[in-house]
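Chemist: As input, take model-v9.cif (mmCIF, C-alpha atoms and all ligand atoms):
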```cif
data_entry
#
loop_
_atom_site.label_atom_id
_atom_site.label_comp_id
_atom_site.auth_asym_id
_atom_site.auth_seq_id
_atom_site.Cartn_x
_atom_site.Cartn_y
_atom_site.Cartn_z
CA MET A 1 28.45 26.16 -10.99
CA GLU A 2 28.43 22.54 -11.97
CA ASN A 3 26.27 20.36 -9.83
CA ASN A 4 28.01 17.18 -8.76
CA MET A 5 24.95 15.21 -9.78
CA GLY A 6 25.43 16.26 -13.40
CA ASP A 7 22.18 15.99 -15.27
CA ILE A 8 20.36 14.07 -12.54
CA GLU A 9 19.82 16.83 -10.05
CA SER A 10 18.04 16.88 -6.78
CA ARG A 11 14.61 18.50 -6.96
CA SER A 12 15.65 20.93 -4.24
CA ASN A 13 18.33 22.27 -6.62
CA SER A 14 16.10 22.72 -9.59
CA ALA A 15 12.59 23.65 -10.52
CA LEU A 16 9.77 21.64 -8.94
CA GLN A 17 9.40 19.59 -12.10
CA PRO A 18 10.25 15.96 -11.28
CA GLY A 19 12.74 14.03 -13.40
CA LEU A 20 11.24 11.35 -15.62
CA ILE A 21 12.41 8.01 -16.98
CA ALA A 22 9.58 6.62 -19.12
CA GLY A 23 9.10 3.97 -21.75
CA PRO A 24 8.14 0.35 -22.17
CA CYS A 25 9.27 -2.35 -19.79
CA SER A 26 10.98 -4.12 -22.71
CA ALA A 27 12.01 -3.26 -26.21
CA GLU A 28 10.07 -5.74 -28.37
CA THR A 29 10.42 -4.61 -31.98
CA ARG A 30 11.89 -1.53 -33.66
CA GLU A 31 8.35 -0.38 -34.53
CA GLN A 32 7.13 -0.74 -30.95
CA VAL A 33 10.13 1.19 -29.59
CA MET A 34 9.76 4.01 -32.12
CA ALA A 35 5.99 4.20 -31.56
CA ALA A 36 6.41 4.45 -27.78
CA ALA A 37 9.24 6.98 -28.03
CA SER A 38 7.34 9.18 -30.53
CA SER A 39 4.23 9.17 -28.36
CA LEU A 40 6.20 9.92 -25.19
CA ARG A 41 8.42 12.56 -26.80
CA SER A 42 6.45 15.65 -25.84
CA THR A 43 6.04 14.52 -22.21
CA LEU A 44 9.74 13.69 -21.94
CA LEU A 45 10.84 16.94 -23.55
CA GLY A 46 8.43 18.76 -21.24
CA SER A 47 10.28 17.30 -18.27
CA GLY A 48 13.45 19.21 -19.14
CA ASP A 49 16.98 17.87 -18.99
CA ARG A 50 16.21 15.17 -16.48
CA ALA A 51 14.24 13.00 -18.88
CA TRP A 52 15.11 9.67 -20.50
CA PHE A 53 13.31 7.20 -22.71
CA ARG A 54 13.64 3.73 -21.18
CA ALA A 55 13.43 0.25 -22.68
CA SER A 56 15.03 -2.91 -21.29
CA LEU A 57 17.02 -5.05 -23.70
CA TRP A 58 18.19 -7.72 -21.29
CA LYS A 59 15.42 -8.95 -19.01
CA PRO A 60 16.22 -10.84 -15.83
CA ARG A 61 13.34 -13.33 -15.76
CA THR A 62 12.31 -15.47 -12.85
CA ARG A 63 11.63 -18.58 -14.96
CA PRO A 64 13.64 -19.80 -17.95
CA GLY A 65 11.65 -19.76 -21.15
CA ASP A 66 10.05 -16.37 -20.51
CA PHE A 67 10.94 -13.59 -22.96
CA GLU A 68 14.47 -12.56 -22.00
CA GLY A 69 14.75 -9.39 -24.04
CA VAL A 70 15.83 -8.67 -27.60
CA GLY A 71 19.44 -8.07 -26.53
CA GLU A 72 22.06 -6.19 -28.49
CA ILE A 73 19.91 -5.53 -31.56
CA GLY A 74 17.79 -3.17 -29.42
CA LEU A 75 20.77 -0.87 -28.90
CA GLY A 76 20.37 0.17 -32.53
CA TRP A 77 16.72 1.03 -31.90
CA LEU A 78 17.65 3.16 -28.88
CA ALA A 79 20.32 4.87 -31.00
CA ASP A 80 17.58 5.64 -33.54
CA VAL A 81 15.39 7.12 -30.78
CA LYS A 82 18.28 9.40 -29.87
CA ALA A 83 19.11 10.40 -33.43
CA GLU A 84 15.59 10.71 -34.84
CA LEU A 85 13.66 12.01 -31.83
CA GLY A 86 16.34 13.82 -29.86
CA LEU A 87 15.62 11.95 -26.61
CA LYS A 88 18.14 10.68 -24.11
CA VAL A 89 17.87 6.92 -23.65
CA ALA A 90 18.20 4.50 -20.73
CA THR A 91 18.48 0.75 -20.35
CA GLU A 92 19.18 -1.85 -17.65
CA VAL A 93 22.64 -3.37 -17.36
CA ALA A 94 23.15 -6.57 -15.43
CA HIS A 95 26.55 -7.70 -16.67
CA PRO A 96 29.86 -6.02 -17.67
CA ARG A 97 29.16 -7.10 -21.27
CA HIS A 98 25.95 -5.07 -21.21
CA VAL A 99 27.87 -2.08 -19.88
CA ASP A 100 30.45 -2.25 -22.67
CA MET A 101 27.84 -2.58 -25.39
CA ALA A 102 25.57 0.13 -23.97
CA LEU A 103 28.45 2.60 -23.58
CA LYS A 104 29.68 1.95 -27.13
CA SER A 105 26.20 2.59 -28.40
CA GLY A 106 25.86 5.91 -26.53
CA VAL A 107 23.17 4.98 -23.99
CA ASP A 108 22.83 8.01 -21.71
CA LEU A 109 21.67 6.39 -18.50
CA LEU A 110 22.33 2.85 -17.31
CA TRP A 111 20.34 1.40 -14.47
CA VAL A 112 21.11 -1.46 -12.15
CA GLY A 113 17.99 -3.59 -11.64
CA ALA A 114 16.64 -4.84 -8.33
CA ARG A 115 17.82 -8.41 -8.87
CA THR A 116 21.35 -7.23 -9.64
CA THR A 117 21.56 -4.87 -6.65
CA THR A 118 20.92 -7.97 -4.55
CA SER A 119 24.34 -9.35 -5.59
CA PRO A 120 27.46 -7.46 -4.40
CA PHE A 121 29.62 -9.60 -6.72
CA LEU A 122 27.72 -8.45 -9.77
CA VAL A 123 27.50 -4.84 -8.63
CA GLN A 124 31.26 -4.81 -8.14
CA GLU A 125 31.75 -6.21 -11.65
CA LEU A 126 29.54 -3.47 -13.05
CA ALA A 127 31.48 -0.88 -11.05
CA ASN A 128 34.77 -2.23 -12.46
CA ALA A 129 33.40 -2.06 -15.99
CA LEU A 130 32.31 1.54 -15.39
CA LYS A 131 35.54 2.73 -13.78
CA GLY A 132 36.57 6.14 -15.06
CA VAL A 133 33.48 6.55 -17.27
CA ASP A 134 31.31 9.64 -16.89
CA VAL A 135 27.83 8.26 -17.40
CA ALA A 136 24.60 8.59 -15.41
CA VAL A 137 23.79 5.43 -13.43
CA ALA A 138 20.62 4.72 -11.48
CA ILE A 139 20.52 2.05 -8.79
CA LYS A 140 17.30 0.31 -7.92
CA ASN A 141 16.77 -0.97 -4.41
CA PRO A 142 17.37 -4.71 -3.99
CA MET A 143 14.41 -7.12 -4.20
CA HIS A 144 14.24 -7.58 -0.47
CA ALA A 145 14.18 -4.90 2.21
CA ASP A 146 17.91 -4.65 2.90
CA LEU A 147 18.93 -1.01 3.07
CA MET A 148 22.64 -1.72 3.44
CA LEU A 149 22.72 -3.75 0.23
CA TRP A 150 21.27 -0.74 -1.59
CA ALA A 151 23.72 1.61 0.12
CA GLY A 152 26.59 -0.78 -0.63
CA ALA A 153 25.76 -0.70 -4.35
CA VAL A 154 25.92 3.11 -4.32
CA GLU A 155 29.26 2.96 -2.50
CA ARG A 156 30.72 0.45 -4.99
CA LEU A 157 29.74 2.66 -7.93
CA ARG A 158 30.99 5.78 -6.19
CA GLY A 159 34.21 3.93 -5.46
CA ALA A 160 34.61 3.45 -9.23
CA GLY A 161 34.48 7.23 -9.64
CA LEU A 162 30.91 7.58 -10.90
CA LYS A 163 29.51 10.98 -10.03
CA ARG A 164 26.10 11.02 -11.68
CA LEU A 165 24.26 8.53 -9.51
CA THR A 166 20.64 8.33 -8.48
CA GLY A 167 18.58 5.89 -6.42
CA ILE A 168 15.36 4.30 -7.66
CA HIS A 169 12.86 3.07 -5.14
CA ARG A 170 10.83 0.22 -6.69
CA GLY A 171 9.43 -1.41 -3.57
CA PHE A 172 10.29 -4.75 -1.97
CA SER A 173 9.21 -8.26 -2.71
CA VAL A 174 7.15 -9.88 0.09
CA HIS A 175 5.81 -13.36 0.53
CA GLY A 176 2.08 -13.73 0.11
CA GLN A 177 -0.52 -11.38 -1.23
CA ASP A 178 -0.45 -7.66 -0.83
CA LYS A 179 -2.27 -4.74 -2.34
CA TYR A 180 0.92 -4.05 -4.29
CA ARG A 181 3.30 -6.21 -6.26
CA ASN A 182 6.26 -4.78 -4.31
CA PRO A 183 5.11 -2.86 -1.22
CA PRO A 184 7.00 0.43 -0.94
CA MET A 185 7.89 0.32 2.77
CA TRP A 186 8.49 4.06 2.42
CA GLN A 187 10.56 4.23 5.56
CA LEU A 188 13.41 2.43 3.79
CA ALA A 189 13.46 5.08 1.07
CA ILE A 190 13.59 7.76 3.75
CA ASP A 191 16.46 5.96 5.44
CA PHE A 192 18.26 5.76 2.08
CA LYS A 193 17.74 9.51 1.61
CA ASN A 194 19.16 10.11 5.07
CA ILE A 195 22.30 8.14 4.24
CA PHE A 196 22.71 9.89 0.87
CA PRO A 197 20.99 13.28 1.27
CA GLU A 198 22.63 14.69 -1.87
CA LEU A 199 21.65 11.75 -4.07
CA PRO A 200 18.49 12.24 -6.13
CA LEU A 201 15.87 9.60 -5.40
CA TYR A 202 13.30 8.54 -7.99
CA CYS A 203 10.23 6.41 -7.41
CA ASP A 204 9.12 3.59 -9.73
CA PRO A 205 5.37 3.27 -9.09
CA SER A 206 5.02 0.77 -11.95
CA HIS A 207 7.03 -1.94 -10.21
CA ILE A 208 5.72 -0.97 -6.76
CA THR A 209 2.08 -1.37 -7.72
CA GLY A 210 2.18 -3.93 -10.53
CA ARG A 211 -1.23 -2.49 -11.57
CA ARG A 212 -1.82 0.36 -13.96
CA ASP A 213 -4.82 1.70 -12.02
CA GLN A 214 -2.61 2.35 -8.99
CA VAL A 215 0.38 3.93 -10.71
CA ALA A 216 -0.86 7.53 -10.51
CA SER A 217 -1.71 7.44 -6.80
CA VAL A 218 1.68 6.01 -5.82
CA ALA A 219 3.43 8.52 -8.11
CA GLN A 220 1.57 11.30 -6.31
CA LYS A 221 2.45 9.83 -2.93
CA SER A 222 6.12 9.84 -3.86
CA MET A 223 5.87 13.49 -4.87
CA ASP A 224 4.23 14.28 -1.52
CA LEU A 225 7.16 12.58 0.15
CA GLY A 226 9.66 14.76 -1.73
CA PHE A 227 11.06 12.30 -4.28
CA ASP A 228 13.07 13.88 -7.09
CA GLY A 229 11.62 12.02 -10.05
CA LEU A 230 9.74 9.04 -11.45
CA MET A 231 10.43 5.95 -13.51
CA ILE A 232 7.19 4.84 -15.17
CA GLU A 233 6.56 2.08 -17.69
CA SER A 234 4.59 3.14 -20.74
CA HIS A 235 3.62 1.17 -23.85
CA THR A 236 1.41 2.14 -26.79
CA GLU A 237 -0.61 -1.07 -26.30
CA PRO A 238 -0.06 -1.96 -22.64
CA GLU A 239 -2.24 -5.05 -22.56
CA LYS A 240 -0.23 -6.55 -25.42
CA ALA A 241 3.18 -5.85 -23.82
CA TRP A 242 5.53 -8.84 -23.76
CA THR A 243 6.53 -8.11 -20.16
CA ASP A 244 4.78 -6.41 -17.25
CA ALA A 245 1.57 -5.92 -19.24
CA ALA A 246 -0.57 -5.33 -16.13
CA GLN A 247 1.36 -2.29 -14.94
CA GLN A 248 2.10 -0.32 -18.11
CA ILE A 249 0.12 2.76 -19.04
CA THR A 250 -0.32 4.43 -22.44
CA PRO A 251 1.75 7.50 -23.35
CA HIS A 252 -1.46 9.52 -23.20
CA GLN A 253 -2.19 8.29 -19.66
CA LEU A 254 1.38 9.11 -18.71
CA LYS A 255 1.02 12.64 -20.03
CA GLU A 256 -2.14 13.10 -17.96
CA LEU A 257 -0.48 11.56 -14.91
CA ILE A 258 2.46 13.97 -15.13
CA SER A 259 0.33 17.03 -15.74
CA GLY A 260 -2.02 16.00 -12.92
CA LEU A 261 0.71 15.73 -10.29
CA VAL A 262 0.38 18.14 -7.42
CA LEU A 263 3.88 19.34 -6.67
CA ARG A 264 4.88 21.13 -3.58
CA SER A 265 8.19 22.59 -2.64
CA ALA A 266 10.75 20.15 -1.32
CA THR A 267 11.73 22.89 1.11
CA GLY A 268 9.55 22.63 4.18
CA SER A 269 8.80 25.39 6.65
CA SER A 270 11.98 24.54 8.52
CA GLY A 271 13.84 25.73 5.42
CA HIS A 272 15.75 22.62 4.54
CA ASN A 273 15.20 19.90 2.04
CA HIS A 274 13.63 16.85 3.56
CA ILE A 275 11.29 14.02 2.83
CA ASP A 276 8.38 14.75 5.07
CA ALA A 277 8.60 12.45 8.08
CA LEU A 278 4.95 12.78 9.07
CA GLU A 279 3.76 12.06 5.52
CA THR A 280 6.04 9.04 5.44
CA MET A 281 4.64 7.64 8.63
CA ARG A 282 1.07 8.25 7.43
CA ALA A 283 1.85 6.51 4.16
CA GLU A 284 3.26 3.57 6.09
CA LEU A 285 0.12 3.44 8.25
CA ASP A 286 -2.10 3.48 5.15
CA LEU A 287 -0.18 0.55 3.75
CA LEU A 288 -0.26 -1.39 6.98
CA ASP A 289 -4.01 -0.83 7.21
CA ASP A 290 -4.41 -2.07 3.65
CA ARG A 291 -2.43 -5.15 4.55
CA LEU A 292 -4.46 -5.71 7.73
CA ILE A 293 -7.64 -5.59 5.68
CA GLY A 294 -6.15 -7.93 3.09
CA LEU A 295 -5.15 -10.37 5.82
CA LEU A 296 -8.60 -10.23 7.40
CA VAL A 297 -10.22 -10.90 4.04
CA ARG A 298 -8.00 -13.94 3.54
CA ARG A 299 -8.67 -15.12 7.09
CA MET A 300 -12.41 -14.95 6.52
CA GLU A 301 -12.07 -16.79 3.20
CA ILE A 302 -10.29 -19.61 4.97
CA SER A 303 -12.99 -19.64 7.67
CA GLY A 304 -15.53 -20.13 4.90
CA GLU A 305 -13.48 -23.00 3.50
CA ILE A 306 -13.27 -24.58 6.96
CA GLY A 307 -17.04 -24.18 7.32
CA GLY A 308 -17.52 -26.08 4.06
CA TYR A 309 -15.15 -28.81 5.20
CA LYS A 310 -16.90 -29.18 8.56
CA ARG A 311 -20.27 -29.34 6.79
CA ASP A 312 -19.10 -32.11 4.50
CA HIS A 313 -17.60 -34.08 7.38
CA GLY A 314 -20.45 -33.58 9.82
CA MET A 315 -18.34 -31.63 12.31
CA LEU A 316 -19.45 -28.97 14.77
CA ILE A 317 -18.75 -25.34 13.96
CA LEU A 318 -17.67 -24.30 17.41
CA GLN A 319 -14.90 -26.42 18.82
CA LYS A 320 -14.53 -24.72 22.13
CA GLU A 321 -11.35 -26.36 23.33
CA ARG A 322 -9.52 -25.53 20.14
CA TRP A 323 -10.72 -21.94 20.29
CA ASN A 324 -9.62 -21.50 23.93
CA GLN A 325 -6.19 -22.85 23.06
CA ILE A 326 -5.85 -20.56 20.03
CA LEU A 327 -6.92 -17.54 22.04
CA LYS A 328 -4.45 -18.26 24.80
CA ASP A 329 -1.53 -18.93 22.43
CA HIS A 330 -2.14 -15.85 20.31
CA VAL A 331 -2.77 -13.51 23.19
CA ASP A 332 0.35 -14.71 25.01
CA LYS A 333 2.45 -14.27 21.87
CA ALA A 334 1.08 -10.79 21.27
CA VAL A 335 1.65 -9.75 24.88
CA ASP A 336 5.23 -11.01 24.62
CA VAL A 337 5.90 -8.62 21.74
CA GLY A 338 4.41 -5.66 23.57
CA LEU A 339 0.68 -5.54 22.81
CA ASP A 340 -1.86 -4.86 25.53
CA ARG A 341 -3.62 -8.04 26.79
CA ALA A 342 -7.11 -6.50 26.93
CA PHE A 343 -6.71 -5.03 23.42
CA ILE A 344 -5.55 -8.23 21.79
CA SER A 345 -8.09 -10.50 23.49
CA GLY A 346 -10.88 -8.09 22.54
CA LEU A 347 -9.66 -8.04 18.94
CA TYR A 348 -9.43 -11.84 18.77
CA LYS A 349 -12.92 -12.25 20.21
CA LEU A 350 -14.26 -10.02 17.44
CA ILE A 351 -12.35 -11.92 14.79
CA HIS A 352 -13.56 -15.21 16.18
CA GLN A 353 -17.19 -14.09 16.25
CA ALA A 354 -16.95 -13.00 12.62
CA SER A 355 -15.32 -16.32 11.70
CA ILE A 356 -18.06 -18.31 13.38
CA GLY A 357 -20.62 -16.23 11.46
CA ILE A 358 -18.90 -17.06 8.18
CA GLN A 359 -18.59 -20.73 9.04
CA SER A 360 -22.30 -20.88 9.86
CA GLN A 361 -23.15 -19.36 6.50
CA ALA A 362 -20.92 -21.93 4.82
CA MET A 363 -22.70 -24.71 6.71
CA GLU A 364 -25.98 -23.60 5.22
CA ALA A 365 -24.63 -23.23 1.70
CA PRO A 366 -24.89 -25.96 -0.92
CA GLU A 367 -21.78 -28.11 -1.32
CA SER A 368 -20.31 -26.35 -4.33
CA VAL A 369 -20.12 -22.92 -2.68
CA ASN A 370 -17.11 -23.35 -0.39
CA LYS A 371 -14.17 -25.06 -1.94
CA TYR A 372 -11.31 -26.45 0.06
CA PRO A 373 -8.22 -28.26 -1.12
C1 LIG B 401 12.30 -2.97 -15.00
O1 LIG B 401 12.56 -1.78 -14.76
O2 LIG B 401 11.68 -3.36 -16.01
C2 LIG B 401 12.69 -3.98 -14.00
C3 LIG B 401 12.94 -5.25 -14.33
O3 LIG B 401 12.69 -3.49 -12.78
P1 LIG B 401 13.17 -4.10 -11.37
O4 LIG B 401 14.64 -4.34 -11.51
O5 LIG B 401 12.81 -2.97 -10.45
O6 LIG B 401 12.36 -5.34 -11.12
MN MN B 402 9.22 -4.01 -15.93
#
```
Could you render the structure from this file as structure tokens?
Ligand code: PEP
Ligand code: MN
Modeler:
Amino acid sequence: MENNMGDIESRSNSALQPGLIAGPCSAETREQVMAAASSLRSTLLGSGDRAWFRASLWKPRTRPGDFEGVGEIGLGWLADVKAELGLKVATEVAHPRHVDMALKSGVDLLWVGARTTTSPFLVQELANALKGVDVAVAIKNPMHADLMLWAGAVERLRGAGLKRLTGIHRGFSVHGQDKYRNPPMWQLAIDFKNIFPELPLYCDPSHITGRRDQVASVAQKSMDLGFDGLMIESHTEPEKAWTDAAQQITPHQLKELISGLVLRSATGSSGHNHIDALETMRAELDLLDDRLIGLLVRRMEISGEIGGYKRDHGMLILQKERWNQILKDHVDKAVDVGLDRAFISGLYKLIHQASIGIQSQAMEAPESVNKYP
């Protein structure tokens, strides 16, 4: 019986083997594309039918002047990958023109990038360009954590008659520093899966982490959560990549990552396919704890900088009135949003003590140690 997902099937309907979209962030030269595809070939073929070689030809860049992709010429290179290596190929489309060119050139899977999903106008234009075409399309979540925008993109493409759709979870952009480039906020992926239970959901640990040393652990986490496949960036010389150099891994590392994945059945003891709710909540807690630690580190760094400033301006470390005011304001705010008064004042006292300790150290340090703007 034909599965309505076509060749992107849900893991619950197929073997445990996750689907795989792998290849460099960007196509750079014909040689680079062929080298990556040849080195990834055995891993991709080992992943069965749900495997595609990826390379972006049109790069949405934050700042003008950055490398914006090789464009149309790269379609020929992807066609060569198909013809010479027998791999299915995938690229990002962000404009109806890209869709037309990619379809003419026989690209097997088109994906809508995170920046594009953010714009319903553009998604609708892509949907119009794809109307009546039977091609696999993957939809990344939007840059920011708006579930309905992601769902709306799926609905627009479905409305155009596309049947072979999949979601790609690539994390969400947040202001300030985080352990990850785009924190996953796993709960949003779970919510997406609940809206579209039949839609396969892939994870993109490359864009979530932004760091090659973290890609494997996030890939494993997504498998533990019951994701159906992975999109991973891989380059034969990652550190020389023209885009996203910090997050790409070598084809050899990718092979090891895939063979090292611990896969468990997507069917839990209750007998139905689900992304494990408990695992999801634990993953979210882990991330929040990482962020708490990151925030505390930054807070202490600033305390050190303040210590240096006070030293250079002959000020006292402990300014009691200011501290009492801060404590009162923060505790009141925290109590307003539901935290226990004793808990939050205890926590702030500990933080304050540690800050004072750091400021005292800074006071004793020579001038060059603690920099401030
Ligand atoms: C990419 O896959 O290279 C890319 C640009 O991803 P995203 O749209 O998730 O940022
Ligand atoms: Mn990339």
Chemist: Give me the chain A side of the contact with ligand MN 402 (chain B), cut-off 10 Å, one line per residue showing its nearest atom pair and distance in Å at one decimal, counting only C-alpha atoms and all ligand atoms, sorted by chain and residue number, as a tab-separated table.
Modeler:
```
residue	atom	partner	partner_atom	distance
A:Gly23	CA	B:MN402	MN	9.9
A:Pro24	CA	B:MN402	MN	7.7
A:Cys25	CA	B:MN402	MN	4.2
A:Ser26	CA	B:MN402	MN	7.0
A:Ala55	CA	B:MN402	MN	9.0
A:Ser56	CA	B:MN402	MN	8.0
A:Lys59	CA	B:MN402	MN	8.5
A:Pro60	CA	B:MN402	MN	9.8
A:Gly113	CA	B:MN402	MN	9.8
A:Asp204	CA	B:MN402	MN	9.8
A:Ser206	CA	B:MN402	MN	7.5
A:His207	CA	B:MN402	MN	6.5
A:Gly210	CA	B:MN402	MN	8.9
A:Ile232	CA	B:MN402	MN	9.1
A:Glu233	CA	B:MN402	MN	6.9
A:Ser234	CA	B:MN402	MN	9.8
A:Trp242	CA	B:MN402	MN	9.9
A:Thr243	CA	B:MN402	MN	6.5
A:Asp244	CA	B:MN402	MN	5.2
A:Ala245	CA	B:MN402	MN	8.6
A:Ala246	CA	B:MN402	MN	9.9
A:Gln247	CA	B:MN402	MN	8.1
A:Gln248	CA	B:MN402	MN	8.3
```
Chemist: Excluding same-chain residues fewer than 4 positions from stretch 146-156 of chain A, what lies within 8 Å of it counting only C-alpha atoms, as a list of chain:residue names?
Modeler: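 Everything that qualifies: A:Thr117, A:Thr118, A:Pro120, A:Val123, A:Gln124, A:Ala127, A:Ile139, A:Lys140, A:Asn141, A:Pro142, A:Ala160, A:Leu165, A:Leu188, A:Asp191, A:Phe192, A:Ile195.
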Chemist: Have a look at A:Arg50, A:Arg97, A:Arg181, A:Lys240 and name the one nearest to ligand LIG 401 (chain B); count only C-alpha atoms and all ligand atoms.
Modeler: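 Selected residue with least distance to ligand LIG 401 (chain B): A:Arg181.
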Chemist: Taking into account all atoms listed in the file, which residue in the set A:Val112, A:Leu295, A:Leu350, A:Leu78 is nearest to A:Val137?
Modeler: A:Val112
Chemist: As lines of an AutoDock Vina configuration file, what would the box around stretch 63-71 of chain A look like: edges along x, y and z, 8 Å added on every side, centre and edge lengths in Å to one decimal?
Modeler:
```
center_x = 14.7
center_y = -13.9
center_z = -21.3
size_x = 25.4
size_y = 27.7
size_z = 28.6
```
Chemist: Which residue out of A:Met34, A:Arg212, A:Thr62, A:Ile21 has the minimum interatomic distance to A:Glu92 when only C-alpha atoms are used?
Modeler: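 Among the listed residues, the smallest separation from A:Glu92 belongs to A:Ile21.
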Chemist: Nearest to ligand LIG 401 (chain B) among A:Gln325, A:Thr209, A:Asn128, A:Gln32, with distances taken over all atoms listed in the file: which residue is it?
Modeler: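 Among the listed residues, A:Thr209 lies closest to ligand LIG 401 (chain B).
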Chemist: I'd like to know which of A:Lys163, A:Arg211, A:Arg41, A:Lys328 is closest to A:Leu199, using only C-alpha atoms.
Modeler: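 So, comparing all the options, the nearest one is A:Lys163.
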Chemist: Rounded to one decimal, what separation in Å do you get between atom CA of A:Ala342 and atom CA of A:Ile326?
Modeler: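 Distance reported for this atom pair: 15.7 Å.
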Chemist: Here is a test: counting all atoms listed in the file, which residue of A:Ala79, A:Val99, A:Pro205, A:Ser38 is nearest to ligand LIG 401 (chain B)?
Modeler: A:Pro205
Chemist: Just how far from atom CA of A:Ala36 is atom CA of A:Val81, in Å to one decimal?
Modeler: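 We find that atom CA of A:Val81 and atom CA of A:Ala36 lie 9.8 Å from each other.
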Chemist: Hey, can you check how far atom CA of A:Val297 sits from atom CA of A:Pro183?
Modeler: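 About the pair atom CA of A:Val297 and atom CA of A:Pro183: they are 18.1 Å apart.
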Chemist: Counting all atoms listed in the file, find the residues whose atoms lie at most 6 Å from (-18.4, -22.5, 11.6) (file coordinates) and write them out as an mmCIF file with C-alpha atoms, in the coordinates of the input.
Modeler:
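Produced file out.cif, reproduced below:
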```cif
data_model
loop_
_atom_site.group_PDB
_atom_site.id
_atom_site.type_symbol
_atom_site.label_atom_id
_atom_site.label_comp_id
_atom_site.auth_asym_id
_atom_site.auth_seq_id
_atom_site.Cartn_x
_atom_site.Cartn_y
_atom_site.Cartn_z
ATOM 1 C CA GLY A 307 -17.040 -24.180 7.320
ATOM 2 C CA ILE A 317 -18.750 -25.340 13.960
ATOM 3 C CA ILE A 356 -18.060 -18.310 13.380
ATOM 4 C CA GLN A 359 -18.590 -20.730 9.040
ATOM 5 C CA SER A 360 -22.300 -20.880 9.860
#
```
Chemist: What's around A:Ser222 at 10 Å? Count all atoms listed in the file, leave out sequence neighbours fewer than 4 positions away in its own chain, and write the answer as a PDB file with C-alpha atoms, in the coordinates of the input.
Modeler:
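Written out: result-v3.pdb:
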```pdb
ATOM      1  CA  HIS A 169      12.860   3.070  -5.140  1.00  0.00           C
ATOM      2  CA  PRO A 184       7.000   0.430  -0.940  1.00  0.00           C
ATOM      3  CA  TRP A 186       8.490   4.060   2.420  1.00  0.00           C
ATOM      4  CA  LEU A 201      15.870   9.600  -5.400  1.00  0.00           C
ATOM      5  CA  TYR A 202      13.300   8.540  -7.990  1.00  0.00           C
ATOM      6  CA  CYS A 203      10.230   6.410  -7.410  1.00  0.00           C
ATOM      7  CA  ASP A 204       9.120   3.590  -9.730  1.00  0.00           C
ATOM      8  CA  PRO A 205       5.370   3.270  -9.090  1.00  0.00           C
ATOM      9  CA  ALA A 216      -0.860   7.530 -10.510  1.00  0.00           C
ATOM     10  CA  SER A 217      -1.710   7.440  -6.800  1.00  0.00           C
ATOM     11  CA  VAL A 218       1.680   6.010  -5.820  1.00  0.00           C
ATOM     12  CA  GLY A 226       9.660  14.760  -1.730  1.00  0.00           C
ATOM     13  CA  PHE A 227      11.060  12.300  -4.280  1.00  0.00           C
ATOM     14  CA  ASP A 228      13.070  13.880  -7.090  1.00  0.00           C
ATOM     15  CA  GLY A 229      11.620  12.020 -10.050  1.00  0.00           C
ATOM     16  CA  LEU A 230       9.740   9.040 -11.450  1.00  0.00           C
ATOM     17  CA  ILE A 275      11.290  14.020   2.830  1.00  0.00           C
ATOM     18  CA  GLU A 279       3.760  12.060   5.520  1.00  0.00           C
ATOM     19  CA  THR A 280       6.040   9.040   5.440  1.00  0.00           C
ATOM     20  CA  ALA A 283       1.850   6.510   4.160  1.00  0.00           C
TER      21      ALA A 283
END
```
